[in-house]
>>> print(open('coords-v4.txt').read())   # compact mmCIF, C-alpha atoms
# COMPACT_ATOMS: atom_id res chain seq x y z
CA MET A 254 161.50 113.15 149.18
CA ILE A 255 162.69 111.85 152.53
CA TYR A 256 164.92 114.11 154.62
CA ALA A 257 166.75 113.68 157.89
CA ILE A 258 166.66 116.66 160.22
CA ILE A 259 169.53 116.45 162.69
CA PRO A 260 169.61 119.12 165.38
CA PHE A 261 172.95 119.84 166.99
CA ARG A 262 171.08 120.88 170.11
CA GLU A 263 167.45 120.02 170.76
CA GLU A 264 165.19 123.03 171.14
CA GLU A 265 161.47 123.03 171.89
CA GLU A 266 160.87 125.57 169.13
CA LEU A 267 162.29 123.16 166.55
CA ARG A 268 159.84 120.47 167.63
CA ARG A 269 156.95 122.96 167.38
CA LYS A 270 158.01 123.92 163.85
CA ILE A 271 158.35 120.29 162.80
CA ASP A 272 154.92 119.51 164.26
CA ALA A 273 153.46 122.47 162.32
CA LEU A 274 154.66 121.12 158.96
CA ASP A 275 151.93 119.65 156.78
CA THR A 276 153.85 116.42 156.31
CA PHE A 277 154.70 113.03 157.79
CA VAL A 278 157.39 112.81 160.47
CA TYR A 279 159.02 109.73 162.01
CA ASP A 280 160.78 110.40 165.28
CA ASP A 281 160.48 107.15 167.22
CA GLU A 282 163.93 105.74 166.46
CA ALA A 283 166.65 108.24 167.31
CA PRO A 284 166.43 110.73 170.17
CA ASN A 285 167.85 113.61 168.12
CA ALA A 286 166.88 112.93 164.53
CA TYR A 287 163.70 113.27 162.53
CA PHE A 288 162.83 111.60 159.25
CA VAL A 289 160.48 113.81 157.25
CA SER A 290 158.55 113.18 154.06
CA TYR A 291 158.50 116.63 152.44
CA ARG A 292 157.58 117.89 148.98
CA GLY A 293 160.13 120.62 148.52
CA THR A 294 163.82 121.29 148.43
CA THR A 295 166.33 120.83 151.20
CA ARG A 296 166.57 124.59 151.52
CA GLU A 297 162.78 125.03 151.74
CA LEU A 298 162.56 122.47 154.55
CA ALA A 299 165.50 124.02 156.37
CA GLU A 300 163.83 127.43 156.15
CA ALA A 301 160.48 125.97 157.29
CA VAL A 302 162.04 124.65 160.51
CA GLY A 303 164.19 127.72 161.10
CA TYR A 304 167.67 126.65 159.98
CA SER A 305 168.13 129.45 157.46
CA GLU A 306 169.43 132.05 159.88
CA PRO A 307 170.21 132.36 163.57
CA SER A 308 166.95 131.70 165.37
CA SER A 309 165.33 130.15 168.41
CA VAL A 310 165.51 126.64 166.93
CA GLY A 311 169.27 126.43 167.41
CA THR A 312 171.59 124.84 164.88
CA GLY A 313 171.38 121.69 162.81
CA VAL A 314 171.28 120.28 159.31
CA VAL A 315 168.71 118.96 156.85
CA ILE A 316 169.97 116.14 154.66
CA PRO A 317 168.15 114.47 151.75
CA VAL A 318 167.98 110.70 152.14
CA SER A 319 168.47 108.97 148.80
CA ASN A 320 169.91 105.70 150.12
CA TYR A 321 169.91 104.09 153.50
CA PHE A 322 171.20 100.98 155.15
CA GLY A 323 171.65 99.88 158.72
CA TYR A 324 170.00 98.18 161.62
CA ALA A 325 166.75 99.70 162.88
CA SER A 326 163.25 98.71 163.87
CA LYS A 327 160.82 97.22 161.38
CA ASP A 328 158.64 100.31 161.91
CA LEU A 329 161.32 102.63 160.56
CA TRP A 330 161.95 100.50 157.47
CA GLU A 331 158.21 100.36 156.75
CA TRP A 332 157.84 104.12 157.27
CA LEU A 333 160.73 104.85 154.90
CA ASN A 334 159.37 102.45 152.29
CA VAL A 335 155.83 103.89 152.36
CA HIS A 336 156.84 107.55 152.42
CA GLU A 337 159.64 107.21 149.90
CA LYS A 338 157.07 105.99 147.36
CA ASN A 339 154.60 108.76 148.22
CA ALA A 340 156.99 111.67 148.50
>>> encode(input="coords-v4.txt", output="structure tokens")
Amino acid sequence: MIYAIIPFREEEELRRKIDALDTFVYDDEAPNAYFVSYRGTTRELAEAVGYSEPSSVGTGVVIPVSNYFGYASKDLWEWLNVHEKNA
């Protein structure tokens, strides 16, 4: 499954937790959003990055991406296509 992690305030600890996930992350497009290919539930991913309770990662949301449309780089569309099939 592809998820979007959208922090309300960027914290270094969030980036460390995202980097520690055993998964694929695309973060080249938006300065404060991460696309993540993750085999688990929305809640499990939110807990893995620290959004389950007040913590040092700040606040934000994890949203499952089931459809998408817009204008973005070819790299993002390719990443979404590849990881959507493999998630």
>>> closest_residue(input="coords-v4.txt", among="A:Glu331, A:Ala286, A:Val310, A:Ala299", to="Glu265 in chain A", atoms="all atoms listed in the file")
A:Val310
>>> atom_distance(input="coords-v4.txt", atom1="CA of Thr312 in chain A", atom2="CA of Pro260 in chain A")
6.1 Å
>>> closest_residue(input="coords-v4.txt", among="A:Leu298, A:Val315, A:Ile255, A:Ala283", to="His336 in chain A", atoms="all atoms listed in the file")
A:Ile255
>>> closest_residue(input="coords-v4.txt", among="A:Tyr304, A:Phe288, A:Phe277, A:Phe322", to="Phe261 in chain A", atoms="all atoms listed in the file")
A:Tyr304
>>> atom_distance(input="coords-v4.txt", atom1="CA of Asp272 in chain A", atom2="CA of Asn320 in chain A")
24.8 Å
>>> atom_distance(input="coords-v4.txt", atom1="CA of Val314 in chain A", atom2="CA of Arg262 in chain A")
10.8 Å
>>> residues_around(input="coords-v4.txt", residues="Asn339 in chain A", least_positions_apart="4", cutoff="9 Å", atoms="all atoms listed in the file", output="list of chain:residue names")
A:Met254, A:Ser290, A:Asn334, A:Val335
>>> residues_around(input="coords-v4.txt", residues="Glu263 in chain A", least_positions_apart="6", cutoff="12 Å", atoms="only C-alpha atoms", output="compact mmCIF listing (two decimals) with C-alpha atoms, in the coordinates of the input")
# COMPACT_ATOMS: atom_id res chain seq x y z
CA ARG A 269 156.95 122.96 167.38
CA PRO A 284 166.43 110.73 170.17
CA ASN A 285 167.85 113.61 168.12
CA ALA A 286 166.88 112.93 164.53
CA TYR A 287 163.70 113.27 162.53
CA SER A 309 165.33 130.15 168.41
CA VAL A 310 165.51 126.64 166.93
CA GLY A 311 169.27 126.43 167.41
CA THR A 312 171.59 124.84 164.88
CA GLY A 313 171.38 121.69 162.81
>>> closest_residue(input="coords-v4.txt", among="A:Ala325, A:Val278, A:Val318, A:Ala273", to="Thr294 in chain A", atoms="only C-alpha atoms")
A:Val318
>>> closest_residue(input="coords-v4.txt", among="A:Ala301, A:Glu282, A:Asp328, A:Val289", to="Glu266 in chain A", atoms="all atoms listed in the file")
A:Ala301
>>> closest_residue(input="coords-v4.txt", among="A:Ala257, A:Thr276, A:Leu333, A:Lys270", to="Gly303 in chain A", atoms="all atoms listed in the file")
A:Lys270
